[in-house]
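For reference, the structure is listed below as structure tokens.
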Number of protein chains: 2
Amino acid sequence: MKDKAYFLTKAQENYPELNFTVLTPDITEFIATNGDSVLLDLGEHAVGHFSFTFDRVNIFVDSPVRLNIKFGEDIREINDDFSQYNGTLSNTWLQEEIINLDFPQNITMPRRYACRFIKITVERTTRPIRLSDFSFKASTSADISVLKPANTTDDLLKKIDRVATNTLKECMQTFFEDGPKRDRRLWIGDLRLEALTNYYTFKNTDIVKRCLYLFAAGECNNIGFLPSFVYETPYYHSGATHIEDYALLYVVSVCDYYEHTGDIDVLNDLLEICKSQLESFSATLNENLITTKQDGWFAFIDWCPGLECLTALQGVYLYTLERFSDVLKTIGDKDYQKYSALISKIRSACKTLFYDKNANAFINDYDNKQLSVHSQVWMILGGVIEGEEAKKLLLYCLHNKNFKQPVTPYMRHYVIEAMLKLQMKAEAIQYLKTFWGGMVEIGVDTFWEAYIPNDLEFSPYNDRMINSLCHAWSCTPSYFIRKYGL
Amino acid sequence: MKDKAYFLTKAQENYPELNFTVLTPDITEFIATNGDSVLLDLGEHAVGHFSFTFDRVNIFVDSPVRLNIKFGEDIREINDDFSQYNGTLSNTWLQEEIINLDFPQNITMPRRYACRFIKITVERTTRPIRLSDFSFKASTSADISVLKPANTTDDLLKKIDRVATNTLKECMQTFFEDGPKRDRRLWIGDLRLEALTNYYTFKNTDIVKRCLYLFAAGECNNIGFLPSFVYETPYYHSGATHIEDYALLYVVSVCDYYEHTGDIDVLNDLLEICKSQLESFSATLNENLITTKQDGWFAFIDWCPGLECLTALQGVYLYTLERFSDVLKTIGDKDYQKYSALISKIRSACKTLFYDKNANAFINDYDNKQLSVHSQVWMILGGVIEGEEAKKLLLYCLHNKNFKQPVTPYMRHYVIEAMLKLQMKAEAIQYLKTFWGGMVEIGVDTFWEAYIPNDLEFSPYNDRMINSLCHAWSCTPSYFIRKYGL
């Protein structure tokens, strides 16, 4: 029987092997007295455990030594004063420890950190001390030896590809984490983008399989939607909430997996769950087959302040119906027709109900005429609008301040997906270079969770200190560059 | 050859077995939200490692949890605000940690603490959490099964004896520590008193042997004095300074050990080192055979503000000469006469030079006429004054405010030793009851490093928070009660 235990067993069978690399900073020894500090640079972003040796210089240290150890994904984070943090997420994600050491020892700090820089400040010592043997044991389940260089001659795209694969590598741990500094959870939205990029880079299909099973084991309500995220350390725990676009994108992720692997066993294992996502969603539809706003956090789409998501969510539904019915058709599942029959009806309804002739664009809803790039992108990906008309609309909304603009790299992924669907290869390259290239220009090692050109202080959480600077949903440039030969 | 390596090997051969006891507080589970705190009471003073389990209550905790964990030897320490500490010793001895936990886990904190109370404050959580499985793994090298009740019918003395043996037990770890909360070092002055008490309580002579060898391996100067303290964790390290009275009391400690064990091999191993302590000391004598004040911290005697130590130190010398020459005589060592011949000469010199007829007491020095109990006690223990005359002097100085009074339990030990030398058994009992009994009255679990009746804020380090409340040099009531049948 395919129950929670079955899915967890399957997930466990595909537990990845972690590959470890020991990084050492240039500085190998630091002699310090009270108040001194040292900055270590690992030379690259790393996820793992930090070790060092503390010893006396000459006279034995006659009282415990107190160290403040700060880990930063970039140097700005090192220079931030965490006591001034004023964001909406818990300050405990800020990577800083105060430790007291009683006597000389080699210490491996128990927590995992995501960082390139480490700053050690000697908060209190009564004698000179020697810190040495700095070592960072970095982990990833990505196998670097599998990775081939991107087949592009464009220098900036090459650089973008390197940072993107590095971002994915850092997020690939025992599952696809959203960000190794913060959250460290498996979210459906991130999973889908990581899996796509992974198919064209590290090609570890087992970890995708594992993540799909981890969600299959999840329960968060009695209406059939999967949880939007799960935890697996130190034991499996299902997130307590769902998000409808994520639940739908789970179905798409299963389709992606099947198309890339042809693994019918996994598809069969997950088919009922996929169907139940669509059933649960159909329960939200009104008489026009348009979804209705549910209580709580019903859709994600993007971290964009004030964004209304109804039209975009309807696009995600169409996108899912199309992908899923194609897969059902391929395997001869009789439900194929039920889903595909819906598609044209819903597309018509969307065009009729959401397309505003005055605005020459899709509005969010009849009750809320908000204009957003998000609505246009998902109507395009949902096949409501196509060809030259769609191209014109997309270019228009991306350059018009009356439209809410994409904020996260996650949403920007779907902008590019829409462009490539419309054969707008040149525009896609330009968009990649402007956005991800902008991060490359400021010297990032990994792509950020949130980036707005010319606003380096932007945070979805009211304080930039807490932002994740290595975030899975930013890794898809490598997918585009490699799949579409950009 | 008897070199450092030889002595360290001998010390290692006598490495004690630690006995572990797991203590659990009454409270077994604590459900907390942000800002909550819980006070755990182990029911007794303990030295060791604290463990607990952190888990979610219902919803998974979606960000790291920050705990402040404070360990107090008594409840006052728990209620102290360590940020207000203003003492002369390093604040890192104050037992408080801030830890961040990423996910549910059972954690054993890496440092050793000395405490009865543990207060856990949840500094930051975004969800309710459960703390449970509180457990404290206490260690001691004392074997409780060896301990017999004191043969006294006096209730207060019984209580004093129990607290005193408990104090010794807690300080007996891999060597005789001075205090398990702070310093955690092997000091000669503490070693001597712990060894004496141990002979009449836990009877672990191997640990005494080990400590004597640990000092024998020490070097801190090129004039032959042993270091006043040594460390052995994580590797042997000799203290960088000597104190003359401690160097002399090392010799006395070897004599004590030989008298209690008859172990001639150890005595032979350490004989040259003992002689070199006396040779080094004799180099400080002037033409009258009186020691001269040396640079730096040359004598300890007591933590008593402004105390002048010359006369007391001279008494320690006489005390040592007498004990050592007796032992040499017993084993037929020809140096016996050299040392014993000095005794009467020096006693005369002391009486002539230090006894002030106007004050009717020993002054500190011809240049500094400071009056102190310390000078009288050590002149008595050095045999400069005896019998009724000595009794009268001792009682007089103990009740006269013109005399500097003893501060530490360490110095008070020698007051009682002087009383018992003079057959002042009733006075000794009274003194024990007043001082150590005073601590029992306020409910201590172990005897303190520093205690002044009616001044519970007293500290030799300018801030009471840093005081050690379980201190080896306070354990000798059990020695007196048991040896002298008080």
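Please note that chains go A, B, ... in the order of the structure tokens, that every chain numbers its residues from 1, and that ligands are numbered from 1 in the order shown.
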Given a cut-off of 10 Å, which residues of chain B touch chain A, counting only C-alpha atoms, written out as a PyMOL selection string?
chain B and resi 58-60+62-66+89-105+110-112+123-126+182-185+230-235+237-240
RMSD after least-squares fit, chain B onto chain A [all C-alpha atoms, in order]
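Across the paired C-alpha atoms, the RMSD reaches 0.0 Å.
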Among segment 258-430 of chain B, which residues does DSSP mark as strand (DSSP E) when it is run on the backbone? Keep the chain and numbering as in the structure and answer as a ChimeraX atom specification.
/B:355-356,361-362
Quick one: everything within 7 Å of segment 346-350 of chain A, counting only C-alpha atoms, minus sequence neighbours fewer than 2 positions away in the same chain. Send it as a list in words.
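Near segment 346-350 of chain A, the qualifying residues are Asn288, Leu289, Leu342, Ile343, Ser344, Thr352, Leu353, Phe354 and Val384 of chain A.
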Report, in Å with one decimal, the straight-line distance from atom CA of Asp263 of chain B to atom CA of Ile243 of chain B.
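Atom CA of Ile243 of chain B lies at a distance of 27.0 Å from atom CA of Asp263 of chain B.
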Show which residues sit within 12 Å of Gly387 of chain B, as a ChimeraX atom specification. Count only C-alpha atoms, and ignore same-chain residues fewer than 5 positions away.
/B:380-381,392-394,418-424
Among segment 144-303 of chain B, which ones does DSSP assign to helix (DSSP H, G or I) (computed from the backbone)? Answer as an MDAnalysis selection string.
chainID B and resid 144:146 155:171 188:199 205:216 244:261 264:282
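Among the candidate residues A:Asn222, A:Thr330, A:Thr121, A:Thr174, the one lying nearest to Asp36 of chain A is A:Thr121, with distances computed using only C-alpha atoms.
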Residues at most 9 Å from Gly383 of chain B, counting only C-alpha atoms, excluding those fewer than 3 positions away in the same chain, as a ChimeraX atom specification?
/B:315,318-319,322,343,347,378-380,386
Point-to-point distance in Å for atom CA of Ile481 of chain B and atom CA of Asn151 of chain B:
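Between these atoms lies a distance of 8.0 Å.
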Need to verify the contact set: Ile301 of chain B, 8 Å, only C-alpha atoms, exclusion of same-chain residues closer than 2 positions in sequence. Can you return it as a CSV table (one decimal) with C-alpha atoms, in the first residue's frame?
chain,number,residue,atom,x,y,z
B,245,ASP,CA,54.9,29.6,51.3
B,299,ALA,CA,53.9,34.9,49.7
B,303,TRP,CA,43.5,36.8,50.8
B,309,CYS,CA,53.4,38.3,55.2
B,312,ALA,CA,54.0,34.4,58.8
B,313,LEU,CA,56.2,33.2,56.0
B,374,HIS,CA,48.5,35.4,60.7
B,411,MET,CA,43.9,30.7,56.8
For Leu186 of chain B, the nearest of the candidates B:Phe447, B:Trp297, B:Trp473, B:Tyr484, counting only C-alpha atoms
B:Trp473
